[in-house]
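As structure tokens, the structure follows; a few thoughts come after it.
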Amino acid sequence: MSDMVLMKGNEAIAEAAIKAGCRHYFGYPITPQTEVAAYMSKRMPKIGGTFLQAESEVAAINMVIGVASTGKRVMTSSSSPGISLKSEGISYLAGCDLPALVVNVQRGGPGLGGIQPSQSDYWQAVKGGSHGDFHNIVLAPASVQEMASLTVKGFELADKYRMVSMILADGTMGQMMEPVSLDIESTFNVEKPWAVTGTKGERKHNIVNSLFLQPEELEKKNFERFERYKLVEANEAMYEEYLMDDAEICVVAFGITSRVAKNAINEARKQGIKAGLIRPITLWPFPKAALYNAADKCKAFISVEMNMGQMIEDVELSIRCKKPVHLCCRTGGMIPAPEQVLAKIIEVNEKEA
Amino acid sequence: MKRITILAGHYGSGKTNIAVNLALKMKKDGFDTVIADLDIVNPYFRTKDSLDRLEESGIKLISSEYANSNVDIPAVPQEMYSIVDDKEKYYVVDLGGDDRGAFALGRYSDKIKEENDYEFIFVFNKYRPLTPDALSAIEVMREIEAACNMSFTAIVNNSNIGEMTDEEAVLSSFAECERLSVASGLPVLFTSVSAELYGSLIKKAENLFSLELQKKII
């Protein structure tokens, strides 16, 4: 009990990043993620780290590229419109094979949208979200504790595969308060022989670059990169199953909506409907195998999302359209109520008899 | 009972929850109570979340029309002047977190001090990671006082770890709160606990305040 503290999700991300050895934070305020920056501004100066409020999101992500080039753990955070501004830099990070952590505490969109929570940047996050052939590792926390643990995991995966890890949270996850154990640390560290740290006249200089003069070279680089992505897909997919052993209706939901879905599933079970949940924890790589296996046992799927239906496409692809997939959604900053999800489970259970 | 009760503190320390519960108690005790949401910082989890309960209890809420909306506008309504102008009523003022949030009070602090019928309460939660002890809490207190140009007059101990709060968590917070009291020279008005814990703790501790209305997150 004594090691527990009460934290906002945004604060948990910031403290976990510090525990993971991140000493460089560059950001720009935007609701509902500003507490990440506020927390860093208080903590970083006390531990010899760097907190810098940049002049814009674009500037902040370019500072991230700079520190990442030296092999140090570095991060930035923002919310939806700010992530769009950072997207050019995220592509450059991918093109340079640099590890970094980017946090998106999503709000409603498109455009300026609104400050209330949303999951409408799913496509942007899992399909790369910027120009060029690339992926980010995308992690979707569903509790304040996971905001902390997945931040540490994100840094480790980024280093391991020389990729950008993105924490895809939402405004509610960022703002809500829950008990957290900060008894977390990063035990995974890799050598970074590629880092630009000065040759001291002892080795050939390293180059961090995303420009390739010959198309053959760029093609070779992209092929190599996608071989690495295959390893990520094979080894790093994470998910949680809830009451799936005998489930006939498989609800798929991530982040805050998975909590709503669990409440609805518990209620459905009381009414004799065998519903279960697969909660993707990594959105890229998507837990395709778990869903594919569920398609043989379940009669239908329901994708619960706070957007107009984005993850549903990955659900359909994962199960190769073997079973019908229904959508249950809210958008614009609205959170689905357990009653809405329950009604959908009942409707689908009757329809797919 | 002072005419104006102002709650400030580190963000996330529980100011809004205590403000709403205090207002309900004051109304029950017969005071004509108004609750004023002066939070210009936090876009989520506002006093307005408790609007139904406040209205059915006959408590007036003064709040920004933008609270709980889709925009983040740090504005306060004109009606906020009634805190210092309408001396017939009792006010509970819910400030935003930290010095940033306390800034909004500066507009009214001269008149509040001039009338001199107020309690300015620092809400303390030792389970918040940036205020685990008296020393760090005093640092936040001084920043808030500088921002709003007023000095605290009392402390409320709201030490809790959310749903994991048990008797021991509350009891073990008393020592640090007492240190804060000694260091700041301010009295501890009460320790606030959930209604569930109130029943058992009342035998083991003094000066408890039961929080009837708790916020529930999914």
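Ordering of the structure tokens sets the chain letters (A, B, ...); residue numbers start at 1 within each chain; ligands are numbered from 1 in the order shown.
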> Could you pull out the helix (DSSP H, G or I) residues of chain B from DSSP and send them as number ranges by chain?
Replying inline: B: 15-28, 47-56, 78-85, 98-115, 134-148, 162-164, 167-171, 174-184, 195-201
> Counting only C-alpha atoms, which residues from chain A have an atom at most 7 Å from any atom of chain B, and could you show them as a PyMOL selection string?
Replying inline: chain A and resi 5-7+114-116+175+178-179+259-260
> Pick from A:Lys351, A:Arg279, A:Lys230, A:His131: nearest to Ser84 (chain A), with only C-alpha atoms counted?
Replying inline: A:His131
>> Which of region 309-353 of chain A end up as strand (DSSP E) when DSSP is run on this backbone - answer as a VMD selection string?
In response: chain A and resid 325 to 329
> Contacts of Arg100 (chain B) at 10 Å or less, counting only C-alpha atoms, minus same-chain residues fewer than 4 places along, as a ChimeraX atom specification?
Replying inline: /B:10-11,39-41,95-96,104,143-144,147-148
Would you mind exporting N, CA and C atoms of the selected residues as a CSV table (one decimal), in the first residue's frame?
chain,number,residue,atom,x,y,z
B,10,HIS,N,-2.8,21.7,-4.7
B,10,HIS,CA,-2.2,21.1,-5.9
B,10,HIS,C,-3.3,20.4,-6.7
B,11,TYR,N,-3.1,20.4,-8.1
B,11,TYR,CA,-4.2,19.9,-8.9
B,11,TYR,C,-4.4,18.4,-8.6
B,39,ASP,N,-12.4,27.5,-11.5
B,39,ASP,CA,-11.3,26.7,-12.1
B,39,ASP,C,-11.1,27.2,-13.6
B,40,ILE,N,-10.0,27.7,-13.8
B,40,ILE,CA,-9.7,28.1,-15.2
B,40,ILE,C,-8.6,27.2,-15.8
B,41,VAL,N,-8.3,26.1,-15.1
B,41,VAL,CA,-7.2,25.2,-15.6
B,41,VAL,C,-7.8,23.9,-16.1
B,95,LEU,N,-11.3,26.7,-6.6
B,95,LEU,CA,-10.2,27.2,-7.4
B,95,LEU,C,-9.6,26.1,-8.3
B,96,GLY,N,-8.9,26.5,-9.4
B,96,GLY,CA,-8.2,25.5,-10.2
B,96,GLY,C,-6.9,25.1,-9.4
B,104,ALA,N,-6.8,33.1,-10.8
B,104,ALA,CA,-8.1,33.7,-11.1
B,104,ALA,C,-8.7,34.4,-9.8
B,143,GLU,N,3.5,29.1,-3.6
B,143,GLU,CA,3.3,29.5,-5.0
B,143,GLU,C,1.9,30.0,-5.2
B,144,ILE,N,0.9,29.3,-4.6
B,144,ILE,CA,-0.5,29.6,-4.7
B,144,ILE,C,-0.8,31.0,-4.1
B,147,ALA,N,0.4,33.7,-6.2
B,147,ALA,CA,-0.4,33.9,-7.4
B,147,ALA,C,-1.7,34.7,-7.2
B,148,CYS,N,-2.3,34.4,-6.0
B,148,CYS,CA,-3.7,35.0,-5.8
B,148,CYS,C,-3.6,36.2,-4.7
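Here CA of Leu317 (chain A) stands at a distance of 19.2 Å from CA of Glu248 (chain A).
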> In Å to one decimal, how far is CA of Thr16 (chain B) from CA of Tyr66 (chain B)?
Replying inline: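 Spanning CA of Tyr66 (chain B) to CA of Thr16 (chain B) is a straight-line distance of 16.8 Å.
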> Given the choices A:Gly154, A:Pro280, A:Pro117, A:Pro29, which gets closest to Arg330 (chain A) if the distance is worked out from only C-alpha atoms?
Replying inline: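 Between A:Gly154, A:Pro280, A:Pro117, A:Pro29, the residue approaching Arg330 (chain A) most closely is A:Pro117.
Using only C-alpha atoms, the protein and nucleic acid residues lying no more than 12 Å from Arg269 (chain A), apart from those fewer than 3 places from it along its own chain, are Tyr242, Leu243, Met244, Asp246, Ala247, Glu248, Ile249, Lys262, Asn263, Ala264, Ile265, Asn266, Gly272, Ile273, Lys274, Ala275, Gly276, Leu277, Leu342, Ile345, Ile346 and Asn349 of chain A.
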Could the residues in this selection be saved with N, CA and C atoms as a PDB file, in the first residue's frame?
ATOM      1  N   TYR A 242     -10.803 -11.462 -22.204  1.00  0.00           N
ATOM      2  CA  TYR A 242     -11.691 -11.432 -21.037  1.00  0.00           C
ATOM      3  C   TYR A 242     -12.934 -12.271 -21.346  1.00  0.00           C
ATOM      4  N   LEU A 243     -13.112 -13.344 -20.588  1.00  0.00           N
ATOM      5  CA  LEU A 243     -14.260 -14.256 -20.742  1.00  0.00           C
ATOM      6  C   LEU A 243     -14.390 -14.783 -22.175  1.00  0.00           C
ATOM      7  N   MET A 244     -13.265 -15.079 -22.804  1.00  0.00           N
ATOM      8  CA  MET A 244     -13.292 -15.526 -24.204  1.00  0.00           C
ATOM      9  C   MET A 244     -13.400 -17.048 -24.355  1.00  0.00           C
ATOM     10  N   ASP A 246     -15.557 -19.367 -23.689  1.00  0.00           N
ATOM     11  CA  ASP A 246     -16.787 -19.912 -24.281  1.00  0.00           C
ATOM     12  C   ASP A 246     -17.583 -18.836 -25.026  1.00  0.00           C
ATOM     13  N   ALA A 247     -16.903 -17.743 -25.376  1.00  0.00           N
ATOM     14  CA  ALA A 247     -17.644 -16.600 -25.936  1.00  0.00           C
ATOM     15  C   ALA A 247     -18.199 -16.887 -27.330  1.00  0.00           C
ATOM     16  N   GLU A 248     -19.427 -16.448 -27.551  1.00  0.00           N
ATOM     17  CA  GLU A 248     -20.046 -16.538 -28.880  1.00  0.00           C
ATOM     18  C   GLU A 248     -20.042 -15.177 -29.563  1.00  0.00           C
ATOM     19  N   ILE A 249     -20.109 -14.134 -28.741  1.00  0.00           N
ATOM     20  CA  ILE A 249     -19.999 -12.767 -29.260  1.00  0.00           C
ATOM     21  C   ILE A 249     -18.654 -12.220 -28.787  1.00  0.00           C
ATOM     22  N   LYS A 262     -16.258  -4.077 -20.887  1.00  0.00           N
ATOM     23  CA  LYS A 262     -16.235  -5.104 -19.829  1.00  0.00           C
ATOM     24  C   LYS A 262     -17.504  -5.027 -18.968  1.00  0.00           C
ATOM     25  N   ASN A 263     -17.893  -3.795 -18.611  1.00  0.00           N
ATOM     26  CA  ASN A 263     -19.124  -3.623 -17.832  1.00  0.00           C
ATOM     27  C   ASN A 263     -20.325  -4.188 -18.592  1.00  0.00           C
ATOM     28  N   ALA A 264     -20.370  -3.901 -19.889  1.00  0.00           N
ATOM     29  CA  ALA A 264     -21.492  -4.373 -20.713  1.00  0.00           C
ATOM     30  C   ALA A 264     -21.480  -5.892 -20.817  1.00  0.00           C
ATOM     31  N   ILE A 265     -20.276  -6.479 -20.967  1.00  0.00           N
ATOM     32  CA  ILE A 265     -20.140  -7.932 -21.089  1.00  0.00           C
ATOM     33  C   ILE A 265     -20.586  -8.621 -19.794  1.00  0.00           C
ATOM     34  N   ASN A 266     -20.205  -8.063 -18.662  1.00  0.00           N
ATOM     35  CA  ASN A 266     -20.637  -8.629 -17.375  1.00  0.00           C
ATOM     36  C   ASN A 266     -22.161  -8.668 -17.288  1.00  0.00           C
ATOM     37  N   GLY A 272     -27.403 -14.221 -19.685  1.00  0.00           N
ATOM     38  CA  GLY A 272     -27.219 -15.500 -20.366  1.00  0.00           C
ATOM     39  C   GLY A 272     -26.590 -15.424 -21.740  1.00  0.00           C
ATOM     40  N   ILE A 273     -26.097 -14.249 -22.121  1.00  0.00           N
ATOM     41  CA  ILE A 273     -25.430 -14.118 -23.424  1.00  0.00           C
ATOM     42  C   ILE A 273     -23.935 -14.321 -23.229  1.00  0.00           C
ATOM     43  N   LYS A 274     -23.379 -15.257 -24.007  1.00  0.00           N
ATOM     44  CA  LYS A 274     -21.950 -15.549 -23.868  1.00  0.00           C
ATOM     45  C   LYS A 274     -21.118 -14.547 -24.662  1.00  0.00           C
ATOM     46  N   ALA A 275     -20.810 -13.449 -24.018  1.00  0.00           N
ATOM     47  CA  ALA A 275     -19.996 -12.409 -24.644  1.00  0.00           C
ATOM     48  C   ALA A 275     -18.618 -12.387 -24.002  1.00  0.00           C
ATOM     49  N   GLY A 276     -17.637 -12.007 -24.776  1.00  0.00           N
ATOM     50  CA  GLY A 276     -16.264 -11.881 -24.274  1.00  0.00           C
ATOM     51  C   GLY A 276     -15.571 -10.718 -24.943  1.00  0.00           C
ATOM     52  N   LEU A 277     -14.352 -10.446 -24.486  1.00  0.00           N
ATOM     53  CA  LEU A 277     -13.630  -9.275 -25.007  1.00  0.00           C
ATOM     54  C   LEU A 277     -12.213  -9.654 -25.431  1.00  0.00           C
ATOM     55  N   LEU A 342     -24.254  -2.842 -24.323  1.00  0.00           N
ATOM     56  CA  LEU A 342     -25.086  -4.002 -23.973  1.00  0.00           C
ATOM     57  C   LEU A 342     -26.208  -4.186 -24.995  1.00  0.00           C
ATOM     58  N   ILE A 345     -24.855  -5.754 -28.021  1.00  0.00           N
ATOM     59  CA  ILE A 345     -24.570  -7.191 -27.818  1.00  0.00           C
ATOM     60  C   ILE A 345     -25.869  -7.992 -27.937  1.00  0.00           C
ATOM     61  N   ILE A 346     -26.916  -7.496 -27.307  1.00  0.00           N
ATOM     62  CA  ILE A 346     -28.212  -8.193 -27.359  1.00  0.00           C
ATOM     63  C   ILE A 346     -28.724  -8.252 -28.800  1.00  0.00           C
ATOM     64  N   ASN A 349     -26.603 -10.622 -30.878  1.00  0.00           N
ATOM     65  CA  ASN A 349     -26.851 -12.005 -30.438  1.00  0.00           C
ATOM     66  C   ASN A 349     -28.130 -12.561 -31.059  1.00  0.00           C
TER      67      ASN A 349
END
>> I'd like the neighbourhood of region 86-88 of chain A as a VMD selection string, where a residue qualifies if any of its atoms comes within 9 Å (using only C-alpha atoms), though same-chain residues fewer than 4 positions away should be ignored.
In response: chain A and resid 57 to 62 78 81 to 82 92 to 93 128 to 131
Written selection (N, CA and C atoms) as a CSV table (one decimal), in the first residue's frame:
chain,number,residue,atom,x,y,z
A,57,GLU,N,4.7,22.6,-32.1
A,57,GLU,CA,4.8,21.1,-32.2
A,57,GLU,C,5.9,20.7,-33.2
A,58,VAL,N,6.0,21.4,-34.3
A,58,VAL,CA,7.0,21.1,-35.3
A,58,VAL,C,8.4,21.2,-34.8
A,59,ALA,N,8.6,22.3,-34.0
A,59,ALA,CA,9.9,22.5,-33.4
A,59,ALA,C,10.2,21.3,-32.4
A,60,ALA,N,9.2,21.0,-31.6
A,60,ALA,CA,9.4,20.0,-30.6
A,60,ALA,C,9.8,18.6,-31.2
A,61,ILE,N,9.2,18.2,-32.3
A,61,ILE,CA,9.5,16.9,-32.8
A,61,ILE,C,10.9,16.9,-33.5
A,62,ASN,N,11.3,18.1,-34.0
A,62,ASN,CA,12.6,18.2,-34.6
A,62,ASN,C,13.7,18.1,-33.5
A,78,SER,N,1.5,15.2,-27.2
A,78,SER,CA,0.6,16.2,-27.7
A,78,SER,C,-0.8,15.5,-27.7
A,81,PRO,N,-4.6,17.4,-32.9
A,81,PRO,CA,-4.1,18.4,-33.9
A,81,PRO,C,-2.6,18.6,-33.8
A,82,GLY,N,-2.1,18.5,-32.6
A,82,GLY,CA,-0.6,18.6,-32.4
A,82,GLY,C,0.1,17.5,-33.0
A,92,TYR,N,10.3,11.4,-40.6
A,92,TYR,CA,11.8,11.6,-40.6
A,92,TYR,C,12.4,10.7,-39.6
A,93,LEU,N,11.8,10.5,-38.4
A,93,LEU,CA,12.3,9.6,-37.4
A,93,LEU,C,12.4,8.2,-38.0
A,128,GLY,N,0.9,4.5,-39.9
A,128,GLY,CA,2.1,5.4,-40.1
A,128,GLY,C,1.7,6.8,-39.8
A,129,GLY,N,0.7,7.3,-40.5
A,129,GLY,CA,0.2,8.6,-40.2
A,129,GLY,C,1.0,9.8,-40.9
A,130,SER,N,1.9,9.4,-41.7
A,130,SER,CA,2.6,10.5,-42.4
A,130,SER,C,3.1,9.9,-43.7
A,131,HIS,N,4.0,10.7,-44.5
A,131,HIS,CA,4.4,10.2,-45.8
A,131,HIS,C,5.4,9.1,-45.7
> Taking into account only C-alpha atoms, which residue in the set B:Asp110, B:Asp52, B:Asp98, B:Asp37 is nearest to Val76 (chain B)?
Replying inline: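 Smallest separation from Val76 (chain B) among the options: B:Asp37.
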> In Å, with one decimal, what is the gap from CA of Phe226 (chain A) to CA of Ser79 (chain A)?
Replying inline: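 About the pair CA of Phe226 (chain A) and CA of Ser79 (chain A): they are 28.0 Å apart.
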> Could you name the residues that touch Ile65 (chain A) at 12 Å or less, counting only C-alpha atoms, but leaving out those on the same chain fewer than 5 positions away, as a ChimeraX atom specification?
Replying inline: /A:24-26,58-60,70-76,86,88-102,163-164,195-196,208-210
> Which residues come within 12 Å of region 55-58 of chain B, counting only C-alpha atoms, excluding same-chain residues fewer than 4 positions away, as a ChimeraX atom specification?
Replying inline: /B:20-21,23-35,47-51,62
>> From the options B:Asn207, B:Ser151, B:Ser181, B:Ser109, which residue's atoms come nearest to Leu135 (chain B), counting only C-alpha atoms?
In response: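 That would be B:Ser181, the residue with the smallest distance to Leu135 (chain B).
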